[in-house]
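This is protein29.cif. It holds mmCIF, C-alpha atoms.
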data_start
#
loop_
_atom_site.label_atom_id
_atom_site.label_comp_id
_atom_site.auth_asym_id
_atom_site.auth_seq_id
_atom_site.Cartn_x
_atom_site.Cartn_y
_atom_site.Cartn_z
CA MET N 1 3.66 11.74 6.85
CA PHE N 2 2.27 9.15 9.23
CA HIS N 3 1.52 5.45 9.05
CA LYS N 4 -0.76 2.77 10.45
CA LYS N 5 -0.45 -0.96 10.53
CA VAL N 6 -3.78 -2.71 9.96
CA LYS N 7 -3.26 -6.46 10.25
CA ASP N 8 -0.53 -7.14 7.71
CA VAL N 9 -1.16 -3.99 5.65
CA LEU N 10 1.17 -1.01 6.05
CA GLU N 11 -0.83 2.18 5.37
CA ILE N 12 1.17 5.32 4.63
CA TYR N 13 -0.52 8.74 4.73
CA LEU N 14 1.36 11.46 2.85
CA VAL N 15 0.66 14.96 4.17
CA GLY N 16 1.19 18.42 2.64
CA GLU N 17 3.32 18.70 -0.47
CA LEU N 18 5.55 16.26 -2.35
CA ASP N 19 8.01 18.10 -4.56
CA GLU N 20 11.75 17.70 -5.10
CA HIS N 21 12.53 19.42 -1.80
CA ALA N 22 10.14 17.26 0.22
CA SER N 23 11.34 14.10 -1.56
CA HIS N 24 14.69 14.41 0.29
CA TYR N 25 12.81 13.84 3.56
CA ILE N 26 10.04 11.50 2.44
CA ARG N 27 12.23 9.00 0.55
CA PRO N 28 14.41 7.97 3.56
CA LYS N 29 11.35 7.91 5.85
CA LEU N 30 9.54 5.50 3.52
CA ASP N 31 12.65 3.35 3.17
CA ALA N 32 13.12 3.18 6.94
CA LEU N 33 9.52 1.94 7.31
CA ILE N 34 9.92 -0.61 4.53
CA GLU N 35 13.04 -1.93 6.26
CA SER N 36 11.75 -1.98 9.82
CA GLU N 37 8.13 -3.09 9.51
CA SER N 38 6.84 -6.53 8.64
CA PHE N 39 3.87 -6.46 6.23
CA SER N 40 2.52 -8.19 3.12
CA LYS N 41 0.88 -5.21 1.37
CA MET N 42 1.52 -1.46 1.28
CA VAL N 43 -1.08 1.24 0.61
CA ILE N 44 -0.11 4.89 0.14
CA ASP N 45 -2.98 7.26 0.86
CA PHE N 46 -2.91 10.73 -0.76
CA ARG N 47 -6.01 12.26 0.87
CA GLU N 48 -3.93 14.77 2.83
CA LEU N 49 -1.41 15.48 0.10
CA PHE N 50 -2.52 18.73 -1.54
CA PHE N 51 0.35 19.11 -4.00
CA MET N 52 2.55 16.72 -5.96
CA ASP N 53 4.62 17.15 -9.12
CA SER N 54 6.40 14.51 -11.21
CA THR N 55 9.06 14.12 -8.52
CA GLY N 56 6.45 12.05 -6.67
CA VAL N 57 6.32 9.56 -9.55
CA GLY N 58 10.07 8.96 -9.23
CA VAL N 59 9.75 8.48 -5.46
CA LEU N 60 6.93 5.95 -5.91
CA ILE N 61 8.73 3.95 -8.62
CA GLY N 62 11.82 3.78 -6.39
CA ARG N 63 9.80 2.37 -3.47
CA TYR N 64 7.93 0.01 -5.81
CA LYS N 65 11.28 -1.47 -6.89
CA LYS N 66 12.32 -2.08 -3.29
CA LEU N 67 8.97 -3.67 -2.45
CA SER N 68 8.85 -5.86 -5.55
CA GLN N 69 12.21 -7.40 -4.58
CA ARG N 70 10.33 -8.69 -1.53
CA GLN N 71 7.23 -9.47 -3.60
CA ILE N 72 5.12 -6.98 -1.66
CA PRO N 73 2.40 -5.26 -3.73
CA LEU N 74 1.90 -1.48 -3.55
CA PHE N 75 -1.45 0.27 -3.93
CA LEU N 76 -2.36 3.95 -4.25
CA LYS N 77 -5.42 5.51 -2.62
CA ASN N 78 -7.37 8.81 -2.66
CA PRO N 79 -5.28 10.98 -5.01
CA SER N 80 -6.67 14.44 -5.84
CA ALA N 81 -7.78 15.04 -9.43
CA GLN N 82 -4.45 16.75 -10.12
CA ILE N 83 -2.34 13.93 -8.71
CA ASP N 84 -4.55 11.33 -10.43
CA ARG N 85 -3.79 12.99 -13.80
CA ILE N 86 -0.04 12.73 -13.18
CA PHE N 87 -0.42 9.06 -12.22
CA ARG N 88 -2.46 8.36 -15.36
CA MET N 89 -0.06 10.09 -17.74
CA SER N 90 2.82 8.17 -16.14
CA GLY N 91 1.00 4.83 -16.47
CA LEU N 92 1.71 4.26 -12.78
CA TYR N 93 -1.54 2.40 -12.05
CA LYS N 94 -0.33 -0.50 -14.22
CA ILE N 95 2.24 -1.42 -11.58
CA MET N 96 0.66 0.07 -8.45
CA PRO N 97 -3.13 -0.06 -8.83
CA LEU N 98 -5.60 2.42 -7.44
CA THR N 99 -7.52 0.99 -4.50
CA VAL N 100 -10.61 2.20 -2.63
CA MET C 1 -8.97 46.25 -13.86
CA LYS C 2 -5.82 47.01 -15.85
CA ARG C 3 -5.52 44.57 -18.75
CA ILE C 4 -1.77 44.03 -18.50
CA ASN C 5 -0.05 43.27 -15.20
CA LYS C 6 3.33 41.74 -14.60
CA PHE C 7 6.03 40.94 -12.09
CA LYS C 8 9.59 39.70 -12.23
CA MET C 9 11.74 38.26 -9.45
CA GLU C 10 15.01 36.48 -8.85
CA PHE C 11 15.62 33.79 -6.28
CA ASP C 12 18.33 31.33 -5.31
CA ALA C 13 18.19 27.99 -7.11
CA ILE C 14 17.68 25.89 -3.99
CA SER C 15 14.99 23.28 -3.44
CA GLN C 16 13.39 25.17 -0.52
CA ASN C 17 12.32 27.80 -3.09
CA GLU C 18 10.29 25.37 -5.25
CA SER C 19 7.14 25.80 -3.16
CA PHE C 20 7.78 29.55 -2.81
CA ALA C 21 8.00 30.01 -6.59
CA ARG C 22 4.78 28.14 -7.42
CA GLY C 23 3.02 29.81 -4.48
CA VAL C 24 3.92 33.30 -5.70
CA VAL C 25 2.64 32.52 -9.21
CA GLY C 26 -0.57 31.09 -7.77
CA ALA C 27 -1.12 34.18 -5.62
CA PHE C 28 -0.47 36.57 -8.52
CA LEU C 29 -2.91 34.75 -10.82
CA ALA C 30 -5.60 34.41 -8.15
CA ARG C 31 -6.93 37.91 -8.96
CA LEU C 32 -8.09 36.59 -12.36
CA ASN C 33 -10.48 34.39 -10.41
CA PRO C 34 -9.41 31.15 -12.11
CA SER C 35 -10.74 27.75 -11.08
CA ILE C 36 -8.81 25.78 -8.44
CA ASP C 37 -7.93 23.23 -11.12
CA GLU C 38 -6.46 25.93 -13.37
CA ILE C 39 -4.33 27.32 -10.54
CA ASN C 40 -3.15 23.81 -9.64
CA ASP C 41 -2.27 23.14 -13.30
CA VAL C 42 -0.12 26.27 -13.43
CA LYS C 43 1.50 25.63 -10.03
CA THR C 44 2.40 22.08 -11.07
CA ALA C 45 3.95 23.24 -14.36
CA VAL C 46 5.93 25.99 -12.57
CA SER C 47 7.16 23.45 -10.03
CA GLU C 48 8.39 21.19 -12.86
CA ALA C 49 10.26 24.01 -14.61
CA VAL C 50 11.84 25.37 -11.40
CA THR C 51 12.86 21.85 -10.32
CA ASN C 52 14.49 21.29 -13.73
CA ALA C 53 16.47 24.53 -13.34
CA ILE C 54 17.70 23.49 -9.88
CA VAL C 55 18.42 19.81 -10.56
CA HIS C 56 19.55 19.91 -14.20
CA GLY C 57 20.39 23.56 -15.00
CA TYR C 58 22.55 24.14 -11.94
CA GLU C 59 23.14 20.44 -11.16
CA GLY C 60 22.30 21.11 -7.51
CA ARG C 61 24.94 23.86 -7.13
CA GLU C 62 23.50 26.35 -4.69
CA ASN C 63 24.95 29.54 -6.18
CA GLY C 64 22.58 29.68 -9.16
CA ILE C 65 19.89 32.28 -9.71
CA ILE C 66 16.47 31.62 -11.24
CA THR C 67 14.50 34.47 -12.80
CA LEU C 68 10.75 34.08 -12.72
CA SER C 69 8.40 36.47 -14.46
CA VAL C 70 4.66 36.43 -14.99
CA LEU C 71 2.73 38.54 -17.47
CA ILE C 72 -1.03 38.71 -17.38
CA ASP C 73 -2.68 40.00 -20.56
CA GLY C 74 -6.43 39.81 -20.16
CA MET C 75 -6.93 36.18 -19.14
CA LEU C 76 -3.72 34.90 -20.73
CA ALA C 77 -0.93 34.11 -18.28
CA THR C 78 2.63 33.88 -19.60
CA ILE C 79 5.17 32.53 -17.12
CA THR C 80 8.89 32.61 -17.88
CA ILE C 81 11.42 30.58 -15.88
CA GLU C 82 15.04 31.30 -16.72
CA ASP C 83 18.33 29.90 -15.48
CA LYS C 84 21.96 30.55 -16.39
CA GLY C 85 22.94 26.91 -15.98
CA GLU C 86 24.19 24.08 -18.14
CA GLY C 87 21.55 24.17 -20.84
CA ILE C 88 19.71 21.20 -22.35
CA PRO C 89 21.80 19.43 -25.04
CA ASP C 90 18.80 17.90 -26.83
CA ILE C 91 15.44 19.57 -26.12
CA GLU C 92 13.38 17.09 -28.17
CA LYS C 93 14.92 14.18 -26.27
CA ALA C 94 14.35 15.94 -22.93
CA LYS C 95 10.67 16.34 -23.79
CA GLU C 96 10.15 12.60 -24.39
CA PRO C 97 8.11 10.97 -21.62
CA PHE C 98 10.28 9.05 -19.11
CA TYR C 99 13.53 10.36 -20.60
CA THR C 100 15.92 11.39 -17.84
CA THR C 101 19.63 12.00 -17.61
CA LYS C 102 19.52 11.09 -13.92
CA PRO C 103 17.80 7.69 -13.54
CA GLU C 104 20.06 6.89 -10.57
CA GLU C 105 18.38 9.72 -8.65
CA GLU C 106 14.90 8.25 -9.25
CA ARG C 107 13.85 11.05 -11.61
CA SER C 108 10.66 10.19 -13.44
CA GLY C 109 11.50 11.97 -16.69
CA MET C 110 7.93 13.29 -16.78
CA GLY C 111 8.62 17.00 -16.18
CA PHE C 112 8.04 18.32 -19.71
CA THR C 113 5.17 15.88 -20.30
CA VAL C 114 3.42 17.30 -17.22
CA MET C 115 4.13 20.90 -18.31
CA GLU C 116 2.76 20.24 -21.79
CA SER C 117 -0.31 18.49 -20.47
CA PHE C 118 -1.17 21.15 -17.86
CA MET C 119 -0.46 24.27 -19.94
CA ASP C 120 -1.74 25.51 -23.33
CA SER C 121 1.81 25.88 -24.64
CA VAL C 122 5.38 25.22 -23.54
CA GLU C 123 8.33 26.83 -25.30
CA VAL C 124 11.91 25.90 -24.45
CA ARG C 125 15.04 27.72 -25.53
CA SER C 126 18.35 26.40 -24.34
CA GLY C 127 22.03 26.93 -25.01
CA LYS C 128 25.37 27.08 -23.25
CA LYS C 129 24.28 30.17 -21.33
CA GLY C 130 21.22 28.56 -19.81
CA THR C 131 17.59 27.69 -20.38
CA VAL C 132 14.36 29.66 -20.76
CA VAL C 133 10.99 27.94 -20.38
CA ILE C 134 7.89 29.93 -21.40
CA LEU C 135 4.58 28.54 -20.18
CA LYS C 136 1.25 29.93 -21.40
CA LYS C 137 -2.29 29.31 -20.27
CA GLU C 138 -5.58 31.04 -20.91
CA LEU C 139 -7.43 31.15 -17.60
CA GLY C 140 -11.13 31.33 -16.86
CA LYS C 141 -12.07 28.94 -19.66
CA CYS C 142 -14.36 26.88 -17.44
CA PHE C 143 -16.10 30.07 -16.30
CA HIS C 144 -16.68 31.32 -19.87
CA MET C 145 -17.96 27.95 -21.00
CA ARG C 146 -20.39 27.89 -18.12
CA ARG C 147 -21.56 31.43 -18.92
CA LEU C 148 -22.05 30.63 -22.60
CA SER C 149 -24.13 27.60 -21.82
CA LEU C 150 -26.57 29.62 -19.70
#

Representation of the structure as C-alpha cells:
Amino acid sequence: MFHKKVKDVLEIYLVGELDEHASHYIRPKLDALIESESFSKMVIDFRELFFMDSTGVGVLIGRYKKLSQRQIPLFLKNPSAQIDRIFRMSGLYKIMPLTV
Amino acid sequence: MKRINKFKMEFDAISQNESFARGVVGAFLARLNPSIDEINDVKTAVSEAVTNAIVHGYEGRENGIITLSVLIDGMLATITIEDKGEGIPDIEKAKEPFYTTKPEEERSGMGFTVMESFMDSVEVRSGKKGTVVILKKELGKCFHMRRLSL
C-alpha cells in the first residue's frame, strides 16, 4: 500500500491482495493515515489490487465510518471486474461512490 | 486427459494459509483452461469459505485443521472445505446478506452471498462437530458458448 497527497485529496493505492490476513496490516495503516494527515477527500485506488474477498468490504465500511465522523467523503477508483462485483452486491457505491 | 482428477490436503487454520488455499485450488483447476474470470470466481469463493472456517469455525484458535479437497469431473469442479470447529447455529441466517455474528470486528456478513454469486451451487452442512461447505462450478462455459456461436 502507498499513498499520495494531491492538494487536499488523500489518494490511497492498495497493492496485492486484501483478504482477512492482509486486513490485519492494512486496517491499522489506513487508520494511521486518517489520523495523521489533513485532507478533505479520500480516494482509494484498486488498480494494483489483484485479489479481494468480502473482508475488504468490512475494512472499507470501517474506514468510511471513521471518515464520516469528520465529514470527509470516500471514493473508490479502478476496481477489477471481480472486485467491482463484490462492491455492487454489497451496495457499497451508495455510500462511497465510484470515481474516475 | 483423465476425466476424473482429485486432491485432498489438510492445513492449519491460520490466516496466512488463506492465500495458499485459494492459490492451490486455482493452480489445480488451471489445467482445465478456464477463463481468468472463472478462476477468480472460484478463488474468491474458496477464500470466503476458508476465512469463515478460521474466523468463525475455530474462532481464531490456531490449533484447528482445515481439510480442502477438489474433485474435477470433466469440466465440473467440486471443492469441499471442512473444519472441526464450532459449527453454524443457523445456516439460513448465516447466508443472509450482511448478517454477521462479529460486527465489532468489521465483518461484512457477505461471505455466503459472495460464494453463492460466484459459484453454481453452495451446500452447507453444519453441526456440533464442525462445518462442511461444498462449492460447485462448471468451468469453460464461456469457451463453449464462444465455440457454439462460431

Applying 10 Å and all atoms listed in the file, which residues near Asp73 (chain C) remain after dropping the ones on its own chain fewer than 3 positions away? List them as a compact mmCIF listing (two decimals) with C-alpha atoms, keeping the file's coordinate frame.
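Saved result, result10.txt, follows:
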# COMPACT_ATOMS: atom_id res chain seq x y z
CA LYS C 2 -5.82 47.01 -15.85
CA ARG C 3 -5.52 44.57 -18.75
CA ILE C 4 -1.77 44.03 -18.50
CA ASN C 5 -0.05 43.27 -15.20
CA LYS C 6 3.33 41.74 -14.60
CA VAL C 70 4.66 36.43 -14.99
CA LEU C 76 -3.72 34.90 -20.73
CA ALA C 77 -0.93 34.11 -18.28
CA THR C 78 2.63 33.88 -19.60
CA GLU C 138 -5.58 31.04 -20.91

task: Show me which bits of chain C are within 10 Å of chain N, counting only C-alpha atoms, as a PyMOL selection string.
output: chain C and resi 14-19+37-38+40-41+43-48+50-52+54-55+97-98+103-115+117-118

Between CA of Gly26 (chain C) and CA of Gly127 (chain C) lies a distance of 28.7 Å

Ref. answer, residues at most 9 Å from (15.1, 31.7, -17.9) with only C-alpha atoms, as number ranges by chain: C: 53, 66-69, 80-84, 125-126, 130-134

Practice prompt. Run the PyMOL selection byres ((chain C and resi 91) around 10) against the file shown and list the residues it catches, as a VMD selection string.
Written response: chain C and resid 87 to 90 92 to 96 112 124 to 127

Taken to one decimal, the CA of Ser36 (chain N)-CA of Val9 (chain N) distance is 13.7 Å

Notebook entry, point to check: Got a sec to resolve the PyMOL selection byres ((chain N and resi 93) around 12) on this structure and send the residues as a ChimeraX atom specification?
Noted result: /N:57,60-61,64,73-77,79,84-92,94-99

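Remark: for Ala21 (chain C), the closest of the candidate residues C:Ile79, C:Gly74, C:Ile36, C:Asn63 is C:Ile79 (distances computed over all atoms listed in the file).
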
Taken to one decimal, the CA of Ile12 (chain N)-CA of Lys41 (chain N) distance is 11.0 Å

Can you tell me, as a PyMOL selection string, what residues are no more than 9 Å from Ile72 (chain N) when counting all atoms listed in the file, ignoring any on the same chain fewer than 5 positions away? chain N and resi 39-42+64+66-67

Exercise. Specify as a PyMOL selection string each residue included when the PyMOL selection byres ((chain N and resi 29) around 12) is applied to this file.
Key: chain N and resi 1-3+12-14+22-28+30-36+59+63

Select all residues near (-8.1, 12.8, 2.8) (cut-off 9 Å, inclusive, file coordinates), counting all atoms listed in the file, and output them as number ranges by chain. N: 13, 45-49, 78-80

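Using only C-alpha atoms for every distance, the candidate list C:Gly85, C:Gly23, C:Gly140, C:Pro34 yields C:Gly85 as the residue closest to Ile65 (chain C).
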